[in-house]
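my_file.txt (compact mmCIF, C-alpha atoms) appears below.
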```txt
# COMPACT_ATOMS: atom_id res chain seq x y z
CA MET A 1 -29.67 -4.72 1.40
CA LYS A 2 -26.98 -5.21 4.02
CA LEU A 3 -23.36 -4.20 3.45
CA GLU A 4 -22.34 -7.70 4.50
CA GLN A 5 -24.34 -9.17 1.61
CA GLU A 6 -22.93 -6.61 -0.81
CA LEU A 7 -19.39 -7.53 0.21
CA LYS A 8 -20.17 -11.22 -0.21
CA LEU A 9 -21.45 -10.45 -3.68
CA GLN A 10 -18.20 -8.68 -4.50
CA ALA A 11 -16.12 -11.55 -3.08
CA TRP A 12 -18.15 -13.92 -5.24
CA LEU A 13 -17.42 -11.83 -8.34
CA ASP A 14 -13.71 -11.74 -7.42
CA GLY A 15 -13.62 -15.49 -6.88
CA GLU A 16 -12.92 -15.07 -3.17
CA ALA A 17 -16.21 -16.27 -1.68
CA SER A 18 -16.45 -19.52 0.25
CA PRO A 19 -18.86 -22.20 -1.09
CA ASP A 20 -21.43 -21.22 1.57
CA GLU A 21 -21.17 -17.54 0.67
CA ALA A 22 -21.43 -18.38 -3.02
CA ARG A 23 -24.67 -20.29 -2.41
CA GLU A 24 -26.08 -17.37 -0.41
CA VAL A 25 -25.16 -14.91 -3.18
CA GLU A 26 -26.64 -17.09 -5.91
CA GLN A 27 -29.89 -17.33 -3.96
CA LEU A 28 -30.02 -13.56 -3.50
CA LEU A 29 -29.29 -12.98 -7.17
CA ALA A 30 -32.24 -15.15 -8.13
CA ASN A 31 -34.66 -13.42 -5.78
CA ASP A 32 -33.60 -9.80 -5.49
CA ALA A 33 -33.66 -7.54 -8.54
CA HIS A 34 -31.71 -4.75 -6.87
CA PHE A 35 -29.02 -7.21 -5.80
CA ALA A 36 -28.80 -8.48 -9.38
CA ALA A 37 -28.50 -4.90 -10.69
CA LEU A 38 -25.69 -4.19 -8.24
CA ALA A 39 -23.95 -7.37 -9.39
CA GLY A 40 -24.19 -6.02 -12.94
CA GLU A 41 -22.62 -2.71 -11.94
CA LEU A 42 -19.76 -4.33 -10.04
CA ARG A 43 -19.10 -6.74 -12.90
CA MET A 44 -19.08 -3.79 -15.31
CA SER A 45 -16.62 -1.76 -13.18
CA LYS A 46 -14.35 -4.77 -12.94
CA GLY A 47 -14.61 -5.40 -16.68
CA ILE A 48 -13.87 -1.78 -17.62
CA LEU A 49 -10.66 -1.80 -15.59
CA ALA A 50 -9.47 -5.18 -16.83
CA GLY A 51 -6.77 -4.52 -19.39
CA SER A 52 -7.44 -0.79 -19.40
CA GLU A 53 -4.83 0.49 -17.04
CA PRO A 54 -4.19 4.11 -17.98
CA GLU A 55 -1.23 4.59 -20.32
CA ALA A 56 2.01 4.39 -18.39
CA VAL A 57 3.40 7.88 -18.06
CA LYS A 58 6.99 8.33 -19.19
CA LEU A 59 9.65 9.59 -16.85
CA PRO A 60 10.19 13.27 -17.40
CA GLU A 61 13.97 12.90 -16.95
CA SER A 62 16.74 11.51 -19.14
CA ARG A 63 18.33 8.17 -18.31
CA GLU A 64 21.63 9.79 -17.31
CA PHE A 65 20.12 12.51 -15.14
CA TYR A 66 17.71 10.11 -13.44
CA PHE A 67 20.43 7.58 -12.68
CA SER A 68 22.96 10.18 -11.56
CA LYS A 69 20.69 11.10 -8.64
CA ILE A 70 20.30 7.44 -7.68
CA SER A 71 24.02 6.71 -7.84
CA ARG A 72 24.88 9.86 -5.87
CA GLU A 73 22.50 8.80 -3.11
CA ILE A 74 23.92 5.27 -3.09
CA GLU A 75 27.46 6.68 -2.84
CA ARG A 76 26.44 9.03 -0.06
CA LEU A 77 24.87 6.20 1.94
CA GLU A 78 27.84 3.92 1.37
CA ARG A 79 30.23 6.60 2.60
CA GLN A 80 28.34 6.90 5.87
CA PRO A 81 29.94 4.81 8.62
CA ALA A 82 27.82 1.83 9.61
CA PRO A 83 26.08 2.38 12.94
CA ALA A 84 28.14 0.92 15.76
CA ALA A 85 26.79 -2.48 16.60
CA ARG A 86 25.75 -2.88 20.19
CA SER A 87 27.99 -5.36 21.97
CA VAL A 88 26.61 -8.73 23.05
CA TRP A 89 26.99 -7.69 26.68
CA ALA A 90 25.18 -4.40 26.17
CA SER A 91 22.32 -6.22 24.39
CA ALA A 92 22.05 -8.74 27.21
CA TRP A 93 21.97 -5.94 29.81
CA MET A 94 19.31 -4.08 27.85
CA ARG A 95 17.15 -7.19 27.73
CA ILE A 96 17.34 -7.48 31.51
CA LEU A 97 17.14 -3.78 32.31
CA ALA A 98 14.23 -2.81 30.05
CA PRO A 99 11.56 -4.88 31.88
CA VAL A 100 13.14 -4.09 35.29
CA THR A 101 12.96 -0.38 34.57
CA GLY A 102 9.36 -0.81 33.44
CA VAL A 103 8.40 -2.51 36.69
CA ALA A 104 10.25 0.17 38.70
CA ALA A 105 8.36 2.90 36.84
CA LEU A 106 5.09 1.12 37.46
CA THR A 107 5.83 0.82 41.18
CA LEU A 108 6.67 4.51 41.28
CA ILE A 109 3.43 5.43 39.54
CA LEU A 110 1.33 3.28 41.85
CA SER A 111 2.96 4.75 44.93
CA LEU A 112 2.15 8.33 43.91
CA PRO A 113 -0.07 10.32 46.37
CA ASP A 114 -3.84 9.89 46.37
CA ARG A 115 -5.48 11.22 43.20
CA SER A 116 -9.06 11.00 44.41
CA ASN A 117 -9.69 14.72 44.07
CA THR A 118 -8.74 14.98 40.46
CA GLY A 119 -11.29 12.63 38.93
CA VAL A 120 -9.19 11.62 35.97
CA ASP A 121 -5.45 11.22 35.90
CA GLU A 122 -3.13 10.09 33.15
CA THR A 123 0.61 9.54 33.49
CA GLU A 124 3.09 8.53 30.86
CA ASN A 125 6.61 7.32 31.61
CA THR A 126 8.81 6.84 28.62
CA ILE A 127 11.90 4.81 29.26
CA LYS A 128 14.26 3.81 26.49
CA GLU A 129 12.81 0.74 24.75
CA SER A 130 9.66 0.62 26.89
CA THR A 131 6.72 2.87 27.66
CA VAL A 132 4.42 2.78 30.67
CA ILE A 133 1.13 4.66 30.58
CA GLN A 134 -1.20 4.73 33.53
CA PHE A 135 -4.75 6.06 33.35
CA HIS A 136 -6.88 6.51 36.45
CA SER A 137 -10.51 7.60 36.58
CA THR A 138 -12.18 8.06 39.95
CA THR A 139 -15.59 8.63 38.46
CA GLU A 140 -15.38 5.45 36.41
CA LYS A 141 -13.55 3.62 39.24
CA MET A 142 -11.07 2.43 36.72
CA ASP A 143 -7.28 2.03 36.42
CA VAL A 144 -5.65 1.17 33.12
CA ILE A 145 -1.94 0.40 32.98
CA TRP A 146 -0.31 -0.04 29.62
CA ILE A 147 3.23 -1.36 29.32
CA HIS A 148 4.60 -1.29 25.83
CA SER A 149 7.96 -2.60 24.72
CA ASP A 150 9.54 -0.78 21.78
CA VAL A 151 12.16 -3.42 21.22
CA ASP A 152 10.58 -4.82 18.05
CA PRO A 153 10.82 -2.26 15.27
CA MET A 154 7.91 -1.56 12.94
CA PRO A 155 8.01 -3.73 9.84
CA ASP A 156 10.12 -2.21 7.12
CA VAL A 157 7.89 -0.71 4.45
CA SER A 158 10.34 -1.47 1.73
CA SER A 159 10.43 -5.19 2.30
CA PRO A 160 8.11 -6.37 -0.41
CA ASP A 161 5.92 -9.37 0.14
CA LEU A 162 6.46 -11.72 -2.75
CA SER A 163 5.04 -14.83 -1.24
CA THR A 164 2.07 -15.45 -3.48
CA LYS A 165 2.21 -12.88 -6.29
CA PRO A 166 1.79 -14.51 -9.69
CA ASP A 167 4.75 -13.77 -11.88
CA ARG A 168 3.11 -12.18 -14.88
CA ASP A 169 5.49 -9.56 -16.11
CA ASP A 170 8.77 -11.38 -16.27
CA ASN A 171 10.98 -9.33 -18.46
CA ASN A 172 13.41 -12.07 -19.27
CA MET B 1 38.42 -15.84 -17.49
CA ALA B 2 34.72 -15.04 -17.77
CA SER B 3 33.83 -12.78 -20.69
CA PRO B 4 32.57 -9.30 -19.75
CA LEU B 5 28.82 -8.95 -19.57
CA ASP B 6 27.11 -7.41 -22.59
CA TYR B 7 24.73 -5.25 -20.54
CA PRO B 8 22.10 -4.35 -23.14
CA ALA B 9 21.87 -7.96 -24.31
CA ALA B 10 21.94 -9.56 -20.86
CA THR B 11 18.79 -10.92 -19.22
CA ASP B 12 17.43 -9.43 -16.00
CA VAL B 13 18.61 -12.52 -14.16
CA GLN B 14 22.18 -12.01 -15.39
CA LEU B 15 22.09 -8.32 -14.59
CA VAL B 16 20.73 -8.93 -11.09
CA ALA B 17 23.44 -11.53 -10.43
CA ALA B 18 26.11 -9.06 -11.53
CA ALA B 19 24.59 -6.20 -9.56
CA GLN B 20 24.43 -8.39 -6.46
CA LYS B 21 28.22 -8.66 -6.74
CA GLY B 22 28.46 -4.87 -6.80
CA ASP B 23 28.43 -4.22 -10.55
CA MET B 24 26.94 -0.73 -10.76
CA LEU B 25 26.78 -0.79 -14.56
CA ALA B 26 24.55 -3.87 -14.42
CA PHE B 27 22.35 -2.05 -11.94
CA GLU B 28 22.21 1.00 -14.19
CA GLU B 29 20.98 -1.22 -17.03
CA LEU B 30 18.23 -2.59 -14.77
CA VAL B 31 17.22 0.96 -13.87
CA ALA B 32 17.12 1.92 -17.54
CA ARG B 33 14.91 -1.06 -18.38
CA HIS B 34 12.37 -0.71 -15.60
CA ARG B 35 12.47 2.97 -14.64
CA ASP B 36 9.36 3.91 -16.63
CA LYS B 37 7.26 1.14 -15.10
CA VAL B 38 8.43 1.96 -11.56
CA TYR B 39 7.81 5.67 -12.08
CA ALA B 40 4.40 5.01 -13.67
CA ARG B 41 3.27 2.96 -10.69
CA ALA B 42 4.44 5.69 -8.30
CA PHE B 43 2.66 8.33 -10.37
CA SER B 44 -0.56 6.29 -10.50
CA MET B 45 -0.58 6.24 -6.72
CA VAL B 46 0.58 9.72 -5.71
CA ARG B 47 -0.64 11.63 -8.81
CA ASN B 48 2.21 14.12 -8.60
CA GLU B 49 5.14 14.17 -11.03
CA ASP B 50 7.87 15.41 -8.67
CA GLU B 51 6.84 13.15 -5.81
CA ALA B 52 6.65 10.19 -8.17
CA VAL B 53 10.18 10.86 -9.47
CA ASP B 54 11.55 11.15 -5.93
CA LEU B 55 9.76 8.03 -4.72
CA SER B 56 10.82 5.99 -7.71
CA GLN B 57 14.45 7.03 -7.17
CA GLU B 58 14.19 6.19 -3.49
CA ALA B 59 12.86 2.78 -4.53
CA TRP B 60 15.94 2.17 -6.68
CA VAL B 61 18.26 3.15 -3.83
CA LYS B 62 16.40 0.72 -1.52
CA ALA B 63 16.61 -1.96 -4.20
CA TRP B 64 20.39 -1.56 -4.43
CA GLN B 65 20.69 -1.83 -0.66
CA ARG B 66 18.54 -4.94 -0.55
CA LEU B 67 19.57 -6.58 -3.77
CA THR B 68 21.17 -9.52 -2.00
CA GLN B 69 17.75 -10.31 -0.52
CA PHE B 70 16.26 -10.76 -3.98
CA GLN B 71 16.11 -14.48 -4.56
CA GLY B 72 14.19 -14.50 -7.82
CA GLU B 73 10.87 -15.86 -6.46
CA ALA B 74 9.16 -13.32 -8.69
CA SER B 75 10.50 -11.28 -11.58
CA PHE B 76 12.78 -8.36 -10.85
CA ALA B 77 10.11 -5.99 -12.22
CA THR B 78 7.53 -7.36 -9.77
CA TRP B 79 9.98 -7.05 -6.89
CA MET B 80 10.73 -3.44 -7.83
CA THR B 81 7.04 -2.62 -8.18
CA ARG B 82 6.40 -3.93 -4.67
CA ILE B 83 9.16 -1.73 -3.28
CA VAL B 84 7.79 1.41 -4.91
CA ILE B 85 4.21 0.55 -3.87
CA ASN B 86 5.33 0.21 -0.25
CA LEU B 87 7.20 3.50 -0.38
CA CYS B 88 4.22 5.28 -1.93
CA LEU B 89 1.86 3.89 0.70
CA ASP B 90 4.17 5.04 3.44
CA HIS B 91 4.45 8.47 1.82
CA LEU B 92 0.66 8.78 1.43
CA ARG B 93 0.06 7.70 5.01
CA LYS B 94 2.46 10.36 6.27
CA ALA B 95 0.87 13.01 4.06
CA LYS B 96 -2.55 12.04 5.34
CA ARG B 97 -1.50 12.28 8.96
CA GLN B 98 -0.30 15.83 8.33
CA ARG B 99 -3.58 16.82 6.70
CA ALA B 100 -6.56 17.76 8.80
CA GLU B 101 -9.27 15.27 8.04
CA SER B 102 -12.62 16.72 7.17
CA ILE B 103 -15.94 15.04 7.83
CA GLU B 104 -16.39 14.64 4.07
CA GLN B 105 -13.13 12.72 3.79
CA LEU B 106 -14.08 10.43 6.62
CA ASP B 107 -17.51 9.94 5.13
CA GLU B 108 -16.01 9.11 1.77
CA GLU B 109 -13.71 6.55 3.31
CA LEU B 110 -16.53 4.90 5.16
CA GLY B 111 -18.61 4.84 2.03
CA GLY B 112 -21.37 7.11 3.24
CA VAL B 113 -21.90 8.58 -0.23
CA GLU B 114 -21.34 5.42 -2.25
CA ARG B 115 -23.94 3.40 -0.39
CA GLN B 116 -26.62 5.89 -1.35
CA MET B 117 -25.64 6.03 -5.01
CA PRO B 118 -28.11 4.61 -7.50
CA VAL B 119 -26.90 1.52 -9.32
CA VAL B 120 -25.27 2.35 -12.66
CA SER B 121 -27.00 0.19 -15.23
CA LEU B 122 -25.64 1.70 -18.46
CA ASN B 123 -22.10 0.91 -19.50
CA PRO B 124 -20.12 4.18 -19.36
CA SER B 125 -17.40 2.70 -21.56
CA GLU B 126 -19.71 1.81 -24.43
CA GLY B 127 -18.58 3.13 -27.79
CA LEU B 128 -15.28 4.39 -26.47
CA GLU B 129 -11.94 3.71 -28.11
CA ARG B 130 -9.40 2.00 -25.83
CA THR B 131 -7.24 5.15 -25.66
CA GLU B 132 -10.19 7.34 -24.74
CA LEU B 133 -11.38 4.82 -22.17
CA ARG B 134 -7.92 4.77 -20.56
CA LYS B 135 -7.94 8.56 -20.39
CA ARG B 136 -11.34 8.53 -18.70
CA ILE B 137 -10.26 5.86 -16.25
CA ASP B 138 -7.20 7.96 -15.46
CA ARG B 139 -9.35 11.04 -14.81
CA ALA B 140 -11.76 9.10 -12.64
CA MET B 141 -8.95 7.43 -10.69
CA GLY B 142 -7.49 10.87 -10.03
CA GLN B 143 -10.71 11.86 -8.28
CA LEU B 144 -10.68 8.93 -5.87
CA SER B 145 -9.22 9.10 -2.38
CA TYR B 146 -5.79 7.49 -2.09
CA GLU B 147 -7.23 4.51 -0.20
CA HIS B 148 -9.78 3.82 -2.92
CA ARG B 149 -7.30 4.39 -5.73
CA THR B 150 -4.66 2.18 -4.12
CA VAL B 151 -7.03 -0.70 -3.48
CA LEU B 152 -8.16 -0.61 -7.13
CA ILE B 153 -4.57 -0.47 -8.42
CA LEU B 154 -3.50 -3.37 -6.25
CA HIS B 155 -6.53 -5.52 -7.05
CA GLU B 156 -7.18 -4.76 -10.70
CA PHE B 157 -3.75 -3.85 -12.07
CA GLU B 158 -1.36 -5.69 -9.76
CA GLU B 159 -3.80 -8.62 -9.52
CA MET B 160 -3.38 -9.06 -5.78
CA GLU B 161 -5.78 -11.05 -3.64
CA TYR B 162 -7.63 -9.47 -0.69
CA LYS B 163 -5.19 -11.07 1.76
CA GLN B 164 -2.13 -9.65 0.02
CA ILE B 165 -3.67 -6.18 -0.24
CA ALA B 166 -4.48 -6.22 3.47
CA LYS B 167 -0.86 -7.04 4.23
CA VAL B 168 0.54 -4.33 1.97
CA MET B 169 -1.93 -1.67 3.15
CA GLY B 170 -1.68 -2.68 6.80
CA CYS B 171 -5.41 -3.16 7.32
CA SER B 172 -7.89 -6.00 7.75
CA ILE B 173 -9.35 -8.03 4.88
CA GLY B 174 -12.76 -6.60 5.80
CA THR B 175 -11.43 -3.07 5.28
CA VAL B 176 -9.95 -4.09 1.93
CA MET B 177 -13.32 -5.51 0.87
CA SER B 178 -15.29 -2.43 1.86
CA ARG B 179 -12.75 -0.04 0.32
CA LEU B 180 -12.78 -2.02 -2.90
CA PHE B 181 -16.57 -2.05 -2.95
CA TYR B 182 -16.87 1.69 -2.43
CA ALA B 183 -14.02 2.38 -4.86
CA ARG B 184 -15.75 0.39 -7.60
CA ARG B 185 -19.09 2.05 -6.94
CA ARG B 186 -17.54 5.48 -6.96
CA LEU B 187 -15.55 4.75 -10.10
CA ALA B 188 -18.71 3.60 -11.91
CA GLY B 189 -20.42 6.83 -10.85
CA LEU B 190 -17.51 8.99 -11.95
CA LEU B 191 -17.25 7.29 -15.34
CA MET B 192 -20.97 7.77 -15.83
CA ALA B 193 -20.65 11.45 -14.93
CA LEU B 194 -17.82 11.82 -17.46
CA LYS B 195 -19.98 10.21 -20.12
CA ARG B 196 -22.86 12.57 -19.35
CA GLU B 197 -20.42 15.49 -19.46
CA GLU B 198 -19.33 14.44 -22.94
CA ASN B 199 -22.90 14.04 -24.19
CA ARG B 200 -23.90 17.50 -23.00
```

So that I can check it, write out the structure of this file as structure tokens.
Amino acid sequence: MKLEQELKLQAWLDGEASPDEAREVEQLLANDAHFAALAGELRMSKGILAGSEPEAVKLPESREFYFSKISREIERLERQPAPAARSVWASAWMRILAPVTGVAALTLILSLPDRSNTGVDETENTIKESTVIQFHSTTEKMDVIWIHSDVDPMPDVSSPDLSTKPDRDDNN
Amino acid sequence: MASPLDYPAATDVQLVAAAQKGDMLAFEELVARHRDKVYARAFSMVRNEDEAVDLSQEAWVKAWQRLTQFQGEASFATWMTRIVINLCLDHLRKAKRQRAESIEQLDEELGGVERQMPVVSLNPSEGLERTELRKRIDRAMGQLSYEHRTVLILHEFEEMEYKQIAKVMGCSIGTVMSRLFYARRRLAGLLMALKREENR
């Protein structure tokens, strides 16, 4: 049995299979005993967990003590001066300078002396808000140049996605 | 003049509105109401009391900072749970990066063991009281890798769809599907082993 078929079976049990996948699964269930047994096991695992979330553990700290640490941290953060906002002019200059510096770094890398004796060569130039990595392999006759802009920050992990979550535990 | 808010009697919506205006007492009431749930979710993911306390407190600090972004699309409890889940995932990812990965760990993640496991045909929960079953599930969940445990928590307890889990865990839907498949298979095996242990 292929993993792909097993995953389709699971998607079918979770109500996430497309109509075509559902037809394929139903056909396999009718003709393959092992597939049907696996469906039974997956259904059972799903059923055991439904409504059987382990008892919620209680916080080992009192309300006052727990909250005092939270409020202290909030106060500490609020006392910190806000980071100085970059001026509009500085931002505009950075937008122009970052790619220009990247190109300059690239030109510099490409104009470096011949590397034919070394076989493999890797250079990394890190410039504020952009990174240029060049990889050269004589044996493979290959040059890879990677320019990466760091301007966009990584998504914030504490921004919860609430777009489609069903609202099932409304307290009030 | 508006009458002062009766915090214990106020709804979450009223408390959130007050807290959004900077009312720390309203926020404290929200913390008191939901702290156990937030802590429990953190504990279910990291399986360590101290880390769960720290992460849940960090989640409340984040919530205060971002309270104005809460528009009430979901309940406050759901919003808080998402914050703590994200923090736990970030924490677990960092912890994993610091840990040297063994071949066994990699194998487990890829499902090398689970694919070879015989299909469990007997119901390992048969004849068990709900409390006992929950204890067993808790023990079995504790033996899963964090990826497998998380995917089960998000799918079975938080009732998220594959697409949402992929977004939260920062992986593809295909990875979510395979992790969920191996997690379920492994859980069935672990519950069966616990049943055999009891019968011995």

Exercise. May I ask for the distance between CA of Leu89 (chain B) and CA of Ala183 (chain B), given in Å to one decimal place?
Key: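 Between CA of Leu89 (chain B) and CA of Ala183 (chain B) the gap is 16.9 Å.
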
Quiz item: Any idea which chain B residues end up within 8 Å of chain A if we count only C-alpha atoms, as a ChimeraX atom specification please?
Solution: /B:11-13,28,31-32,35-37,39-41,43,53,57-62,64,73-79,82-84,86-87,90,119-121,123,125,130,133-135,137-138,156-157,160,164,168,177-178,181,184-185,187-188

Quiz item: Using all atoms listed in the file, which of B:Ala17, B:Cys171, B:Met117, B:Met24 sits nearest Thr68 (chain B)?
Solution: B:Ala17

Practice problem: Please measure the separation of CA of Glu126 (chain B) and CA of Leu28 (chain A), giving the value in Å to one decimal. | Solution: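 A separation of 27.9 Å between them.
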
Quiz item: Expressed in Å to a single decimal, how great is the separation between CA of Ile85 (chain B) and CA of Phe65 (chain A)?
Solution: 22.9 Å

Can you sort out the box for region 115-127 of chain B, edges along x, y and z, all listed atoms in, 3 Å on every side, with centre and edge lengths in Å to one decimal, as AutoDock Vina command-line options?
```
--center_x -22.8 --center_y 3.1 --center_z -14.1 --size_x 16.7 --size_y 11.8 --size_z 33.4
```

Quiz item: Which neighbours of Pro124 (chain B) fall inside 8 Å, counting all atoms listed in the file, when residues of the same chain fewer than 4 positions from it are skipped, and could you give them as number ranges by chain?
Solution: B: 188, 191-192, 195

Copy region 102-188 of chain B out of the block into a file, keeping C-alpha atoms, as a PDB file, in the first residue's frame.
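File produced: out.pdb:
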```
ATOM      1  CA  SER B 102      19.742  11.446  16.222  1.00  0.00           C
ATOM      2  CA  ILE B 103      18.945   9.088  13.370  1.00  0.00           C
ATOM      3  CA  GLU B 104      16.142   7.616  15.483  1.00  0.00           C
ATOM      4  CA  GLN B 105      14.509  11.019  15.868  1.00  0.00           C
ATOM      5  CA  LEU B 106      14.694  11.663  12.160  1.00  0.00           C
ATOM      6  CA  ASP B 107      13.356   8.209  11.449  1.00  0.00           C
ATOM      7  CA  GLU B 108      10.484   8.757  13.839  1.00  0.00           C
ATOM      8  CA  GLU B 109       9.590  12.030  12.195  1.00  0.00           C
ATOM      9  CA  LEU B 110       9.614  10.495   8.769  1.00  0.00           C
ATOM     10  CA  GLY B 111       7.485   7.642   9.988  1.00  0.00           C
ATOM     11  CA  GLY B 112      10.003   4.879   9.405  1.00  0.00           C
ATOM     12  CA  VAL B 113       8.784   2.914  12.419  1.00  0.00           C
ATOM     13  CA  GLU B 114       5.079   3.656  12.103  1.00  0.00           C
ATOM     14  CA  ARG B 115       4.832   2.429   8.535  1.00  0.00           C
ATOM     15  CA  GLN B 116       6.051  -0.990   9.584  1.00  0.00           C
ATOM     16  CA  MET B 117       3.717  -1.282  12.554  1.00  0.00           C
ATOM     17  CA  PRO B 118       1.009  -3.917  12.345  1.00  0.00           C
ATOM     18  CA  VAL B 119      -2.509  -2.536  12.200  1.00  0.00           C
ATOM     19  CA  VAL B 120      -4.132  -2.334  15.643  1.00  0.00           C
ATOM     20  CA  SER B 121      -7.443  -4.118  15.349  1.00  0.00           C
ATOM     21  CA  LEU B 122      -8.483  -4.304  19.018  1.00  0.00           C
ATOM     22  CA  ASN B 123      -9.783  -1.188  20.712  1.00  0.00           C
ATOM     23  CA  PRO B 124      -7.257  -0.242  23.425  1.00  0.00           C
ATOM     24  CA  SER B 125      -9.841   1.955  25.142  1.00  0.00           C
ATOM     25  CA  GLU B 126     -12.407  -0.806  25.581  1.00  0.00           C
ATOM     26  CA  GLY B 127     -13.669  -1.187  29.128  1.00  0.00           C
ATOM     27  CA  LEU B 128     -11.868   1.888  30.374  1.00  0.00           C
ATOM     28  CA  GLU B 129     -13.486   4.594  32.463  1.00  0.00           C
ATOM     29  CA  ARG B 130     -13.249   8.083  30.934  1.00  0.00           C
ATOM     30  CA  THR B 131     -10.803   9.244  33.632  1.00  0.00           C
ATOM     31  CA  GLU B 132      -8.534   6.242  33.113  1.00  0.00           C
ATOM     32  CA  LEU B 133      -8.699   6.659  29.354  1.00  0.00           C
ATOM     33  CA  ARG B 134      -7.681  10.315  29.668  1.00  0.00           C
ATOM     34  CA  LYS B 135      -4.739   9.314  31.850  1.00  0.00           C
ATOM     35  CA  ARG B 136      -3.620   6.763  29.277  1.00  0.00           C
ATOM     36  CA  ILE B 137      -3.980   9.240  26.444  1.00  0.00           C
ATOM     37  CA  ASP B 138      -1.903  11.699  28.450  1.00  0.00           C
ATOM     38  CA  ARG B 139       0.836   9.100  29.001  1.00  0.00           C
ATOM     39  CA  ALA B 140       0.844   8.119  25.348  1.00  0.00           C
ATOM     40  CA  MET B 141       0.892  11.745  24.182  1.00  0.00           C
ATOM     41  CA  GLY B 142       3.890  12.330  26.428  1.00  0.00           C
ATOM     42  CA  GLN B 143       5.803   9.681  24.510  1.00  0.00           C
ATOM     43  CA  LEU B 144       5.235  11.259  21.112  1.00  0.00           C
ATOM     44  CA  SER B 145       7.679  13.635  19.458  1.00  0.00           C
ATOM     45  CA  TYR B 146       6.651  17.283  19.711  1.00  0.00           C
ATOM     46  CA  GLU B 147       5.697  17.383  16.022  1.00  0.00           C
ATOM     47  CA  HIS B 148       3.385  14.406  16.388  1.00  0.00           C
ATOM     48  CA  ARG B 149       1.925  15.620  19.666  1.00  0.00           C
ATOM     49  CA  THR B 150       1.335  19.130  18.320  1.00  0.00           C
ATOM     50  CA  VAL B 151      -0.368  17.967  15.158  1.00  0.00           C
ATOM     51  CA  LEU B 152      -2.730  15.778  17.208  1.00  0.00           C
ATOM     52  CA  ILE B 153      -3.501  18.592  19.661  1.00  0.00           C
ATOM     53  CA  LEU B 154      -4.223  21.042  16.874  1.00  0.00           C
ATOM     54  CA  HIS B 155      -6.345  18.629  14.848  1.00  0.00           C
ATOM     55  CA  GLU B 156      -8.210  16.688  17.507  1.00  0.00           C
ATOM     56  CA  PHE B 157      -8.465  19.128  20.411  1.00  0.00           C
ATOM     57  CA  GLU B 158      -8.298  22.530  18.726  1.00  0.00           C
ATOM     58  CA  GLU B 159     -10.312  21.189  15.767  1.00  0.00           C
ATOM     59  CA  MET B 160      -8.147  22.859  13.144  1.00  0.00           C
ATOM     60  CA  GLU B 161      -8.192  21.882   9.489  1.00  0.00           C
ATOM     61  CA  TYR B 162      -5.042  20.695   7.693  1.00  0.00           C
ATOM     62  CA  LYS B 163      -4.618  24.112   6.068  1.00  0.00           C
ATOM     63  CA  GLN B 164      -4.733  25.962   9.381  1.00  0.00           C
ATOM     64  CA  ILE B 165      -2.310  23.534  11.031  1.00  0.00           C
ATOM     65  CA  ALA B 166       0.135  23.966   8.158  1.00  0.00           C
ATOM     66  CA  LYS B 167       0.013  27.721   8.649  1.00  0.00           C
ATOM     67  CA  VAL B 168       0.527  27.545  12.405  1.00  0.00           C
ATOM     68  CA  MET B 169       3.307  24.940  12.196  1.00  0.00           C
ATOM     69  CA  GLY B 170       4.988  26.590   9.222  1.00  0.00           C
ATOM     70  CA  CYS B 171       4.992  23.495   7.024  1.00  0.00           C
ATOM     71  CA  SER B 172       3.175  22.141   3.977  1.00  0.00           C
ATOM     72  CA  ILE B 173      -0.247  20.482   4.077  1.00  0.00           C
ATOM     73  CA  GLY B 174       1.452  17.271   2.916  1.00  0.00           C
ATOM     74  CA  THR B 175       3.728  17.354   5.961  1.00  0.00           C
ATOM     75  CA  VAL B 176       0.728  17.925   8.226  1.00  0.00           C
ATOM     76  CA  MET B 177      -1.025  14.917   6.674  1.00  0.00           C
ATOM     77  CA  SER B 178       1.940  12.599   7.059  1.00  0.00           C
ATOM     78  CA  ARG B 179       2.686  13.772  10.608  1.00  0.00           C
ATOM     79  CA  LEU B 180      -0.939  13.281  11.578  1.00  0.00           C
ATOM     80  CA  PHE B 181      -0.981   9.825  10.014  1.00  0.00           C
ATOM     81  CA  TYR B 182       2.161   8.687  11.814  1.00  0.00           C
ATOM     82  CA  ALA B 183       1.043  10.333  15.059  1.00  0.00           C
ATOM     83  CA  ARG B 184      -2.260   8.448  14.983  1.00  0.00           C
ATOM     84  CA  ARG B 185      -0.570   5.166  14.160  1.00  0.00           C
ATOM     85  CA  ARG B 186       1.967   5.629  16.906  1.00  0.00           C
ATOM     86  CA  LEU B 187      -0.680   6.650  19.410  1.00  0.00           C
ATOM     87  CA  ALA B 188      -2.725   3.531  18.620  1.00  0.00           C
TER      88      ALA B 188
END
```
